[in-house]
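Text of my_file.pdb, listed as PDB, C-alpha atoms:
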ATOM      1  CA  MET M 181     107.584  98.722  89.444
ATOM      2  CA  VAL M 182     109.941 101.686  88.850
ATOM      3  CA  VAL M 183     108.334 104.688  87.208
ATOM      4  CA  THR M 184     110.594 106.401  84.655
ATOM      5  CA  GLN M 185     110.802 110.153  84.359
ATOM      6  CA  GLU M 186     109.549 112.166  81.462
ATOM      7  CA  ASN M 187     112.374 113.048  79.076
ATOM      8  CA  VAL M 188     111.636 116.723  78.887
ATOM      9  CA  ALA M 189     111.111 119.332  81.541
ATOM     10  CA  VAL M 190     107.550 120.368  82.244
ATOM     11  CA  ASN M 191     106.699 123.517  80.328
ATOM     12  CA  GLY M 192     110.135 123.902  78.802
ATOM     13  CA  SER M 193     113.012 125.217  80.887
ATOM     14  CA  ARG M 194     111.004 127.246  83.415
ATOM     15  CA  SER M 195     111.994 126.598  87.044
ATOM     16  CA  PHE M 196     109.229 125.316  89.285
ATOM     17  CA  SER M 197     108.505 125.959  92.954
ATOM     18  CA  PRO M 198     108.224 123.000  95.386
ATOM     19  CA  GLN M 199     104.442 123.472  95.465
ATOM     20  CA  GLU M 200     104.215 123.372  91.670
ATOM     21  CA  ILE M 201     106.336 120.217  91.543
ATOM     22  CA  ALA M 202     104.131 118.613  94.174
ATOM     23  CA  ASP M 203     101.001 119.618  92.247
ATOM     24  CA  ALA M 204     102.374 118.135  89.020
ATOM     25  CA  LEU M 205     103.207 114.825  90.713
ATOM     26  CA  ARG M 206      99.835 114.839  92.486
ATOM     27  CA  ASP M 207      98.109 115.142  89.097
ATOM     28  CA  ARG M 208     100.022 112.095  87.838
ATOM     29  CA  ILE M 209      98.880 110.117  90.888
ATOM     30  CA  ARG M 210      95.288 111.277  90.417
ATOM     31  CA  THR M 211      95.214 110.330  86.722
ATOM     32  CA  GLY M 212      96.841 106.946  87.305
ATOM     33  CA  ASP M 213     100.152 107.680  85.590
ATOM     34  CA  LEU M 214     101.655 106.937  89.005
ATOM     35  CA  LYS M 215      99.951 104.047  90.813
ATOM     36  CA  ALA M 216      99.999 102.817  94.398
ATOM     37  CA  GLY M 217     103.275 101.003  95.039
ATOM     38  CA  ASP M 218     105.140 102.612  92.124
ATOM     39  CA  ARG M 219     108.517 104.198  92.818
ATOM     40  CA  LEU M 220     109.116 107.808  91.888
ATOM     41  CA  PRO M 221     112.149 108.755  89.824
ATOM     42  CA  THR M 222     115.250 109.684  91.832
ATOM     43  CA  GLN M 223     115.595 113.186  93.238
ATOM     44  CA  ALA M 224     118.317 113.851  90.681
ATOM     45  CA  ASP M 225     116.029 112.828  87.823
ATOM     46  CA  LEU M 226     113.159 114.951  89.149
ATOM     47  CA  ALA M 227     115.488 117.918  89.630
ATOM     48  CA  GLU M 228     116.613 117.616  86.016
ATOM     49  CA  GLU M 229     113.058 117.183  84.750
ATOM     50  CA  PHE M 230     111.735 120.285  86.518
ATOM     51  CA  GLY M 231     114.913 122.357  86.161
ATOM     52  CA  VAL M 232     115.411 122.880  89.902
ATOM     53  CA  GLU M 233     117.865 122.106  92.675
ATOM     54  CA  ARG M 234     117.402 118.914  94.688
ATOM     55  CA  GLY M 235     116.339 120.940  97.713
ATOM     56  CA  ALA M 236     113.185 122.016  95.882
ATOM     57  CA  VAL M 237     112.444 118.386  94.997
ATOM     58  CA  ARG M 238     112.883 117.321  98.617
ATOM     59  CA  GLN M 239     110.439 120.001  99.744
ATOM     60  CA  ALA M 240     107.916 118.837  97.123
ATOM     61  CA  LEU M 241     108.246 115.238  98.287
ATOM     62  CA  ARG M 242     107.673 116.266 101.878
ATOM     63  CA  LEU M 243     104.497 118.056 100.823
ATOM     64  CA  LEU M 244     103.262 114.879  99.139
ATOM     65  CA  GLN M 245     104.230 112.789 102.158
ATOM     66  CA  ASP M 246     102.341 115.135 104.504
ATOM     67  CA  ALA M 247      99.313 114.681 102.234
ATOM     68  CA  GLY M 248      99.610 110.901 102.645
ATOM     69  CA  LEU M 249     100.506 110.307  99.001
ATOM     70  CA  LEU M 250     104.076 109.011  99.463
ATOM     71  CA  THR M 251     105.865 106.558 101.733
ATOM     72  CA  ASN M 252     109.557 106.046 102.560
ATOM     73  CA  VAL M 253     110.480 109.626 101.680
ATOM     74  CA  SER M 254     113.368 109.670 104.162
ATOM     75  CA  LYS M 255     114.831 106.341 103.023
ATOM     76  CA  GLY M 256     117.771 105.957 100.672
ATOM     77  CA  SER M 257     115.762 104.728  97.687
ATOM     78  CA  PRO M 258     113.109 106.777  95.856
ATOM     79  CA  PRO M 259     109.767 106.972  97.701
ATOM     80  CA  ARG M 260     106.754 104.926  96.669
ATOM     81  CA  ILE M 261     103.225 106.034  95.927
ATOM     82  CA  ALA M 262     101.212 105.273  99.061
ATOM     83  CA  VAL M 263      98.296 102.865  99.106
ATOM     84  CA  PRO M 264      95.161 104.963  99.707
ATOM     85  CA  THR M 265      93.865 104.793 103.277
ATOM     86  CA  PRO M 266      90.085 104.321 103.526
ATOM     87  CA  ALA M 267      88.259 107.351 104.828
ATOM     88  CA  PRO M 268      86.886 107.090 108.389
ATOM     89  CA  GLY M 269      83.754 104.978 108.305
ATOM     90  CA  ALA M 270      84.492 103.611 104.832
ATOM     91  CA  PRO M 271      83.487  99.940 104.512
ATOM     92  CA  GLN M 272      86.326  97.442 104.826
ATOM     93  CA  PRO M 273      86.501  93.640 104.608
ATOM     94  CA  THR M 274      85.529  92.064 107.912
ATOM     95  CA  MET M 275      88.959  90.568 108.506
ATOM     96  CA  VAL M 276      90.500  94.037 108.109
ATOM     97  CA  GLY M 277      87.942  96.235 109.782
ATOM     98  CA  LEU M 278      86.738  94.193 112.735
ATOM     99  CA  ALA M 279      89.894  93.878 114.871
ATOM    100  CA  PRO M 280      90.463  97.630 115.412
ATOM    101  CA  ARG M 281      86.778  98.170 116.213
ATOM    102  CA  LEU M 282      86.858  95.331 118.753
ATOM    103  CA  THR M 283      90.044  96.725 120.255
ATOM    104  CA  GLU M 284      88.377 100.079 120.764
ATOM    105  CA  ALA M 285      85.332  98.384 122.292
ATOM    106  CA  PHE M 286      87.576  96.458 124.709
ATOM    107  CA  SER M 287      89.044  99.742 125.968
ATOM    108  CA  ALA M 288      85.804 100.320 127.903
ATOM    109  CA  PRO M 289      85.621  99.086 131.513
ATOM    110  CA  VAL M 290      82.453  97.117 130.746
ATOM    111  CA  VAL M 291      82.533  95.286 127.400
ATOM    112  CA  HIS M 292      79.339  93.961 125.838
ATOM    113  CA  ILE M 293      79.558  92.349 122.388
ATOM    114  CA  ASP M 294      76.563  90.850 120.567
ATOM    115  CA  VAL M 295      77.079  88.962 117.306
ATOM    116  CA  VAL M 296      74.926  87.340 114.625
ATOM    117  CA  CYS M 297      77.035  85.220 112.309
ATOM    118  CA  HIS M 298      77.235  81.985 110.353
ATOM    119  CA  THR M 299      80.286  80.674 112.194
ATOM    120  CA  ALA M 300      82.577  82.400 114.681
ATOM    121  CA  GLU M 301      85.633  82.200 112.415
ATOM    122  CA  THR M 302      86.169  85.900 111.759
ATOM    123  CA  LEU M 303      85.311  86.879 115.323
ATOM    124  CA  MET M 304      87.707  84.228 116.645
ATOM    125  CA  VAL M 305      90.565  85.717 114.610
ATOM    126  CA  ALA M 306      89.729  89.407 115.069
ATOM    127  CA  ILE M 307      89.349  89.196 118.825
ATOM    128  CA  GLY M 308      92.960  88.063 119.047
ATOM    129  CA  GLU M 309      94.153  91.699 118.874
ATOM    130  CA  PRO M 310      92.273  93.002 121.952
ATOM    131  CA  LEU M 311      93.170  89.804 123.821
ATOM    132  CA  ARG M 312      96.846  90.364 123.008
ATOM    133  CA  GLN M 313      96.625  93.908 124.339
ATOM    134  CA  ILE M 314      94.939  92.660 127.499
ATOM    135  CA  HIS M 315      97.778  90.199 128.078
ATOM    136  CA  GLU M 316     100.287  93.013 127.500
ATOM    137  CA  GLY M 317      98.498  95.170 130.076
ATOM    138  CA  ARG M 318      97.455  97.813 127.568
ATOM    139  CA  LEU M 319      93.718  97.086 127.932
ATOM    140  CA  ARG M 320      92.094  96.404 131.297
ATOM    141  CA  PRO M 321      88.327  95.863 131.057
ATOM    142  CA  GLU M 322      86.602  94.892 134.280
ATOM    143  CA  SER M 323      84.001  92.635 132.694
ATOM    144  CA  ILE M 324      83.339  91.088 129.293
ATOM    145  CA  ALA M 325      80.025  89.684 128.082
ATOM    146  CA  VAL M 326      79.796  88.152 124.616
ATOM    147  CA  ARG M 327      76.565  86.770 123.162
ATOM    148  CA  ILE M 328      76.648  84.965 119.829
ATOM    149  CA  LEU M 329      73.822  83.775 117.592
ATOM    150  CA  VAL M 330      74.657  81.092 115.014
ATOM    151  CA  PRO M 331      72.425  78.753 112.976
ATOM    152  CA  SER M 332      71.104  75.639 114.669
ATOM    153  CA  ARG M 333      72.548  72.275 113.696
ATOM    154  CA  GLU M 334      68.980  71.000 113.297
ATOM    155  CA  ILE M 335      67.873  73.206 110.429
ATOM    156  CA  THR M 336      68.344  72.885 106.672
ATOM    157  CA  LEU M 337      70.812  75.631 105.893
ATOM    158  CA  ALA M 338      70.285  78.040 103.020
ATOM    159  CA  PHE M 339      74.090  77.942 102.602
ATOM    160  CA  PRO M 340      76.473  76.244 102.343
ATOM    161  CA  VAL M 341      74.702  73.715 100.149
ATOM    162  CA  PRO M 342      75.872  71.270  97.450
ATOM    163  CA  VAL M 343      75.707  72.675  93.935
ATOM    164  CA  ASP M 344      73.967  69.515  92.729
ATOM    165  CA  GLY M 345      71.304  69.895  95.423
ATOM    166  CA  ASP M 346      71.668  66.300  96.594
ATOM    167  CA  GLY M 347      70.015  66.314  99.999
ATOM    168  CA  GLU M 348      71.149  62.780 100.822
ATOM    169  CA  ASP M 349      74.810  63.763 101.018
ATOM    170  CA  ASN M 350      75.268  65.779 104.214
ATOM    171  CA  SER M 351      79.048  66.263 103.884
ATOM    172  CA  VAL M 352      78.654  69.991 103.242
ATOM    173  CA  HIS M 353      76.514  70.348 106.350
ATOM    174  CA  GLN M 354      78.921  68.280 108.443
ATOM    175  CA  ARG M 355      81.848  70.405 107.325
ATOM    176  CA  TRP M 356      79.991  73.574 108.332
ATOM    177  CA  LEU M 357      78.962  72.102 111.679
ATOM    178  CA  SER M 358      82.472  70.978 112.578
ATOM    179  CA  MET M 359      83.787  74.455 111.706
ATOM    180  CA  ARG M 360      81.047  76.180 113.705
ATOM    181  CA  ASN M 361      81.759  74.095 116.777
ATOM    182  CA  ALA M 362      85.560  74.170 116.621
ATOM    183  CA  GLN M 363      85.782  77.909 116.019
ATOM    184  CA  GLY M 364      83.230  78.646 118.729
ATOM    185  CA  GLN M 365      85.105  76.484 121.215
ATOM    186  CA  VAL M 366      88.411  78.246 120.513
ATOM    187  CA  LEU M 367      86.760  81.653 120.888
ATOM    188  CA  GLN M 368      85.078  80.604 124.113
ATOM    189  CA  HIS M 369      88.282  79.148 125.565
ATOM    190  CA  ASN M 370      90.390  82.220 124.736
ATOM    191  CA  LEU M 371      87.916  84.590 126.354
ATOM    192  CA  LEU M 372      87.180  82.489 129.439
ATOM    193  CA  SER M 373      90.903  82.042 130.094
ATOM    194  CA  LEU M 374      90.959  85.725 131.103
ATOM    195  CA  ARG M 375      89.220  84.681 134.318
ATOM    196  CA  ALA M 376      92.269  82.753 135.465
ATOM    197  CA  THR M 377      94.987  84.937 133.977
ATOM    198  CA  HIS M 378      93.564  88.384 134.791
ATOM    199  CA  GLY M 379      90.699  87.799 137.248
ATOM    200  CA  MET M 380      88.165  89.308 134.864
ATOM    201  CA  ASP M 381      84.448  88.675 134.953
ATOM    202  CA  VAL M 382      83.892  86.984 131.581
ATOM    203  CA  LYS M 383      80.762  85.389 130.183
ATOM    204  CA  VAL M 384      80.418  83.856 126.703
ATOM    205  CA  THR M 385      77.041  82.502 125.613
ATOM    206  CA  PHE M 386      75.883  80.913 122.350
ATOM    207  CA  ARG M 387      72.312  80.462 121.200
ATOM    208  CA  ALA M 388      70.962  78.744 118.081
ATOM    209  CA  LEU M 389      68.988  80.491 115.348
ATOM    210  CA  PRO M 390      66.174  78.629 113.558
ATOM    211  CA  PHE M 391      67.241  80.198 110.237
ATOM    212  CA  THR M 392      70.330  81.003 108.186
ATOM    213  CA  PRO M 393      71.218  84.686 108.688
ATOM    214  CA  PRO M 394      71.835  86.464 105.361
ATOM    215  CA  VAL M 395      73.951  89.123 107.089
ATOM    216  CA  LYS M 396      76.509  89.315 109.852
ATOM    217  CA  LEU M 397      76.036  91.829 112.635
ATOM    218  CA  TYR M 398      78.360  93.009 115.389
ATOM    219  CA  LEU M 399      77.002  95.217 118.175
ATOM    220  CA  LEU M 400      79.740  96.843 120.253
ATOM    221  CA  ASN M 401      78.875  98.217 123.699
ATOM    222  CA  GLY M 402      75.555  99.504 122.418
ATOM    223  CA  GLN M 403      77.438 102.296 120.640
ATOM    224  CA  GLU M 404      78.293 100.858 117.239
ATOM    225  CA  ALA M 405      76.711  98.416 114.806
ATOM    226  CA  LEU M 406      78.774  96.745 112.090
ATOM    227  CA  LEU M 407      76.733  95.134 109.318
ATOM    228  CA  GLY M 408      78.013  92.963 106.483
ATOM    229  CA  TYR M 409      76.201  91.047 103.740
ATOM    230  CA  TYR M 410      77.087  87.408 103.146
ATOM    231  CA  MET M 411      77.864  87.171  99.421
ATOM    232  CA  LEU M 412      77.240  83.743  97.924
ATOM    233  CA  THR M 413      79.760  82.177  95.590
ATOM    234  CA  ARG M 414      80.396  78.780  94.082
ATOM    235  CA  ARG M 415      83.586  77.138  95.319
ATOM    236  CA  GLU M 416      85.272  73.808  95.824
ATOM    237  CA  GLU M 417      87.023  72.602  98.948
ATOM    238  CA  GLU M 418      88.691  69.402 100.031
ATOM    239  CA  TYR M 419      86.952  67.679 102.929
ATOM    240  CA  GLY M 420      88.306  64.314 103.994
ATOM    241  CA  SER M 421      88.584  62.225 100.853
ATOM    242  CA  GLN M 422      86.026  64.348  98.976
ATOM    243  CA  THR M 423      86.013  67.499  96.923
ATOM    244  CA  LEU M 424      82.944  69.475  97.899
ATOM    245  CA  ASP M 425      81.359  71.584  95.152
ATOM    246  CA  MET M 426      79.098  74.013  96.967
ATOM    247  CA  TYR M 427      77.467  77.400  97.170
ATOM    248  CA  ASP M 428      79.044  79.094 100.169
ATOM    249  CA  VAL M 429      80.164  82.463 101.528
ATOM    250  CA  LEU M 430      83.522  83.924 102.457
ATOM    251  CA  GLY M 431      82.508  85.904 105.506
ATOM    252  CA  ALA M 432      85.960  87.396 106.107
ATOM    253  CA  LYS M 433      85.612  89.310 102.823
ATOM    254  CA  SER M 434      82.161  90.745 103.568
ATOM    255  CA  LEU M 435      82.326  94.536 103.660
ATOM    256  CA  LEU M 436      81.436  95.933 107.074
ATOM    257  CA  PHE M 437      79.307  99.070 107.214
ATOM    258  CA  SER M 438      79.676 101.010 110.448
ATOM    259  CA  PHE M 439      76.862 102.862 112.208
ATOM    260  CA  LEU M 440      77.818 104.949 115.252
ATOM    261  CA  ARG M 441      75.255 106.080 117.799
ATOM    262  CA  GLN M 442      77.020 109.429 118.120
ATOM    263  CA  ALA M 443      77.072 110.057 114.349
ATOM    264  CA  GLY M 444      73.541 111.427 114.157
ATOM    265  CA  GLU M 445      69.880 110.440 114.303
ATOM    266  CA  ARG M 446      70.001 107.966 111.403
ATOM    267  CA  ASP M 447      72.957 106.013 112.768
ATOM    268  CA  ALA M 448      71.635 106.171 116.326
ATOM    269  CA  ALA M 449      68.305 104.728 115.181
ATOM    270  CA  PHE M 450      70.076 101.921 113.293
ATOM    271  CA  VAL M 451      72.161 100.973 116.333
ATOM    272  CA  GLU M 452      69.102 101.041 118.592
ATOM    273  CA  GLN M 453      66.920  98.992 116.259
ATOM    274  CA  SER M 454      69.702  96.481 115.630
ATOM    275  CA  GLN M 455      70.088  95.973 119.358
ATOM    276  CA  LEU M 456      66.335  95.560 119.794
ATOM    277  CA  TRP M 457      66.286  93.021 116.940
ATOM    278  CA  PHE M 458      69.115  91.039 118.484
ATOM    279  CA  ASP M 459      67.531  91.081 121.951
ATOM    280  CA  ALA M 460      64.191  89.948 120.533
ATOM    281  CA  LEU M 461      65.835  86.984 118.787
ATOM    282  CA  TRP M 462      67.819  86.106 121.887
ATOM    283  CA  GLU M 463      64.793  86.123 124.155
ATOM    284  CA  THR M 464      62.217  84.439 121.902
ATOM    285  CA  ILE M 465      62.814  81.992 119.045
ATOM    286  CA  THR M 466      66.464  81.049 119.654
ATOM    287  CA  THR M 467      67.406  78.009 121.732
ATOM    288  CA  ASP M 468      70.208  76.915 124.017
ATOM    289  CA  LEU M 469      73.306  75.764 122.163
ATOM    290  CA  THR M 470      76.099  73.498 123.313
ATOM    291  CA  LEU M 471      79.166  73.440 121.069
ATOM    292  CA  SER M 472      79.895  69.779 120.505
TER     293      SER M 472
END
Will you turn the file into structure tokens for me?
Amino acid sequence: MVVTQENVAVNGSRSFSPQEIADALRDRIRTGDLKAGDRLPTQADLAEEFGVERGAVRQALRLLQDAGLLTNVSKGSPPRIAVPTPAPGAPQPTMVGLAPRLTEAFSAPVVHIDVVCHTAETLMVAIGEPLRQIHEGRLRPESIAVRILVPSREITLAFPVPVDGDGEDNSVHQRWLSMRNAQGQVLQHNLLSLRATHGMDVKVTFRALPFTPPVKLYLLNGQEALLGYYMLTRREEEYGSQTLDMYDVLGAKSLLFSFLRQAGERDAAFVEQSQLWFDALWETITTDLTLS
């Protein structure tokens, strides 16, 4: 979308300083008159609107760029309003937020990742970034240990389940199980291959939960906990020759909330208790799991 200029100069014919021009444009961004992705008017149009030379407009645009409000300022076409960047620690969808956190965790010499999830789909995708950097030689951990808790194939899942509640049709369960196994196998293979390609000490272990976890949890090197809620929704999906109507979750869209041990007592306590909870599950009521 191209944003058109106002037809009259701001406050009559008075000349404006670069800071005043920047402030005026910032107000339009704040109020929504200029939205993320919109193009600004040309420098010539802005110069005419504010009654200034183009040099003053260029200085104003640089001020807005330095503030992170504009992109492509140096390009030939008018700059665009930047998409807001989440503040540090702000929750992001799992598929967006997990990869950079894993990459940072894999920068340590000893990597220890513990996960509670419904399937390993998001982890399988997100871990591709640190693996790519390992293959490029940018990350060089000495050892990697990944422990993953997923629901047992033997239990009646809380989700996904058929909308009609017909317990005799296990197609929804079979679809989930095939996804759980296939995604876990790919994840396991990609990590274990680092033994042969880079001589790393790698261990990947799955265990089965006797319940359906309502949240997903990632524990990274004992220093960070990422928690996301599984949000149920009704959806349809093709499976074989059927159309499955089910209550399910889209785990990749779950917002991840980050807790850092170094961020203070509250976060440190959350990380510690989350690790204790995971260890207790791992050592007590979970069972050995073979992906097949």
Choose the residue, out of M:Pro340, M:Pro259, M:Gly402, M:Gly277, that has the smallest atom-to-atom separation from M:Asp459; count only C-alpha atoms.
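Under the stated criterion, the closest residue is M:Gly402.
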Could you tell me, as number ranges by chain, exactly which residues end up selected when the PyMOL selection byres ((chain M and resi 425-437) around 6) is applied to this structure?
M: 271-275, 302, 339-343, 406-409, 411-416, 424, 438
Near M:Ser472, counting only C-alpha atoms, which residues have an atom at most 9 Å away, once you skip same-chain residues fewer than 5 positions from it, shown as a PDB file with C-alpha atoms, keeping the file's coordinate frame?
ATOM      1  CA  SER M 358      82.472  70.978 112.578  1.00  0.00           C
ATOM      2  CA  ASN M 361      81.759  74.095 116.777  1.00  0.00           C
ATOM      3  CA  ALA M 362      85.560  74.170 116.621  1.00  0.00           C
ATOM      4  CA  GLN M 365      85.105  76.484 121.215  1.00  0.00           C
TER       5      GLN M 365
END
My list of candidates is M:Ile261, M:Arg312, M:Ala285, M:Arg242. Which is closest to M:Asn370 when distances are computed with all atoms listed in the file?
M:Arg312
With all atoms listed in the file as the basis for distance, which of M:Thr299, M:Thr211, M:Ser421, M:Ser197 is at the shortest distance from M:Gly235?
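Nearest to M:Gly235: M:Ser197.
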Applied to this file, what does the PyMOL selection byres ((chain M and resi 377-383) around 12) return in terms of residues, put as a VMD selection string?
chain M and resid 289 to 294 311 314 to 317 319 to 328 367 to 376 384 to 386
Could you state which residues are captured by the PyMOL selection byres ((chain M and resi 304) around 8) in this file, as number ranges by chain?
M: 300-303, 305-308, 363-364, 366-367
Rank nothing, just name the residue among M:Val296, M:Ala288, M:Ala388, M:Ala216 nearest to M:Ser332, using only C-alpha atoms.
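When distances to M:Ser332 are compared using only C-alpha atoms, the smallest one comes from M:Ala388.
Taking only C-alpha atoms into account, M:Leu282 lies nearest to M:Gln403 out of the set M:Ser257, M:Ser195, M:Asn350, M:Gln403.
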If I only have part of stretch 383-392 of chain M, can you fill in all heavy atoms and write it as a JSON list (two decimals), in the frame of the given file?
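Saved result, out_2.json, follows:
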[["chain", "number", "residue", "atom", "x", "y", "z"],
["M", 383, "LYS", "N", 81.86, 86.29, 130.49],
["M", 383, "LYS", "CA", 80.76, 85.39, 130.18],
["M", 383, "LYS", "C", 80.61, 85.30, 128.67],
["M", 383, "LYS", "O", 80.52, 86.33, 127.99],
["M", 383, "LYS", "CB", 79.46, 85.88, 130.81],
["M", 383, "LYS", "CG", 78.30, 84.90, 130.63],
["M", 383, "LYS", "CD", 77.05, 85.37, 131.38],
["M", 383, "LYS", "CE", 75.92, 84.36, 131.26],
["M", 383, "LYS", "NZ", 74.69, 84.83, 131.97],
["M", 384, "VAL", "N", 80.59, 84.09, 128.14],
["M", 384, "VAL", "CA", 80.42, 83.86, 126.70],
["M", 384, "VAL", "C", 79.25, 82.89, 126.53],
["M", 384, "VAL", "O", 79.27, 81.79, 127.07],
["M", 384, "VAL", "CB", 81.69, 83.26, 126.06],
["M", 384, "VAL", "CG1", 81.49, 83.10, 124.55],
["M", 384, "VAL", "CG2", 82.90, 84.12, 126.36],
["M", 385, "THR", "N", 78.24, 83.31, 125.77],
["M", 385, "THR", "CA", 77.04, 82.50, 125.61],
["M", 385, "THR", "C", 76.67, 82.39, 124.14],
["M", 385, "THR", "O", 76.68, 83.39, 123.41],
["M", 385, "THR", "CB", 75.85, 83.12, 126.37],
["M", 385, "THR", "OG1", 76.24, 83.46, 127.69],
["M", 385, "THR", "CG2", 74.69, 82.13, 126.43],
["M", 386, "PHE", "N", 76.36, 81.17, 123.71],
["M", 386, "PHE", "CA", 75.88, 80.91, 122.35],
["M", 386, "PHE", "C", 74.42, 80.52, 122.40],
["M", 386, "PHE", "O", 73.97, 79.82, 123.33],
["M", 386, "PHE", "CB", 76.67, 79.77, 121.70],
["M", 386, "PHE", "CG", 78.07, 80.12, 121.29],
["M", 386, "PHE", "CD1", 79.10, 80.11, 122.22],
["M", 386, "PHE", "CD2", 78.36, 80.44, 119.98],
["M", 386, "PHE", "CE1", 80.40, 80.42, 121.86],
["M", 386, "PHE", "CE2", 79.67, 80.74, 119.60],
["M", 386, "PHE", "CZ", 80.68, 80.73, 120.54],
["M", 387, "ARG", "N", 73.66, 80.96, 121.40],
["M", 387, "ARG", "CA", 72.31, 80.46, 121.20],
["M", 387, "ARG", "C", 72.13, 80.15, 119.73],
["M", 387, "ARG", "O", 72.84, 80.69, 118.86],
["M", 387, "ARG", "CB", 71.24, 81.45, 121.70],
["M", 387, "ARG", "CG", 71.17, 81.50, 123.22],
["M", 387, "ARG", "CD", 70.05, 82.40, 123.73],
["M", 387, "ARG", "NE", 68.72, 81.86, 123.47],
["M", 387, "ARG", "CZ", 68.12, 80.93, 124.20],
["M", 387, "ARG", "NH1", 68.73, 80.39, 125.24],
["M", 387, "ARG", "NH2", 66.90, 80.54, 123.92],
["M", 388, "ALA", "N", 71.15, 79.26, 119.44],
["M", 388, "ALA", "CA", 70.96, 78.74, 118.08],
["M", 388, "ALA", "C", 69.79, 79.43, 117.40],
["M", 388, "ALA", "O", 68.69, 79.53, 117.96],
["M", 388, "ALA", "CB", 70.73, 77.24, 118.12],
["M", 389, "LEU", "N", 70.04, 79.88, 116.17],
["M", 389, "LEU", "CA", 68.99, 80.49, 115.35],
["M", 389, "LEU", "C", 68.24, 79.41, 114.57],
["M", 389, "LEU", "O", 68.85, 78.45, 114.09],
["M", 389, "LEU", "CB", 69.61, 81.45, 114.34],
["M", 389, "LEU", "CG", 70.16, 82.78, 114.86],
["M", 389, "LEU", "CD1", 71.07, 83.42, 113.80],
["M", 389, "LEU", "CD2", 69.02, 83.73, 115.22],
["M", 390, "PRO", "N", 66.93, 79.59, 114.37],
["M", 390, "PRO", "CA", 66.17, 78.63, 113.56],
["M", 390, "PRO", "C", 66.20, 78.97, 112.08],
["M", 390, "PRO", "O", 65.37, 78.48, 111.32],
["M", 390, "PRO", "CB", 64.76, 78.75, 114.14],
["M", 390, "PRO", "CG", 64.66, 80.18, 114.56],
["M", 390, "PRO", "CD", 66.03, 80.56, 115.06],
["M", 391, "PHE", "N", 67.13, 79.83, 111.65],
["M", 391, "PHE", "CA", 67.24, 80.20, 110.24],
["M", 391, "PHE", "C", 68.70, 80.54, 109.93],
["M", 391, "PHE", "O", 69.51, 80.71, 110.83],
["M", 391, "PHE", "CB", 66.33, 81.38, 109.90],
["M", 391, "PHE", "CG", 66.63, 82.65, 110.67],
["M", 391, "PHE", "CD1", 67.57, 83.57, 110.21],
["M", 391, "PHE", "CD2", 65.96, 82.92, 111.86],
["M", 391, "PHE", "CE1", 67.84, 84.72, 110.91],
["M", 391, "PHE", "CE2", 66.24, 84.08, 112.58],
["M", 391, "PHE", "CZ", 67.17, 84.99, 112.11],
["M", 392, "THR", "N", 68.99, 80.63, 108.63],
["M", 392, "THR", "CA", 70.33, 81.00, 108.19],
["M", 392, "THR", "C", 70.39, 82.52, 108.02],
["M", 392, "THR", "O", 69.70, 83.07, 107.15],
["M", 392, "THR", "CB", 70.66, 80.34, 106.84],
["M", 392, "THR", "OG1", 70.43, 78.94, 106.92],
["M", 392, "THR", "CG2", 72.11, 80.60, 106.46]]
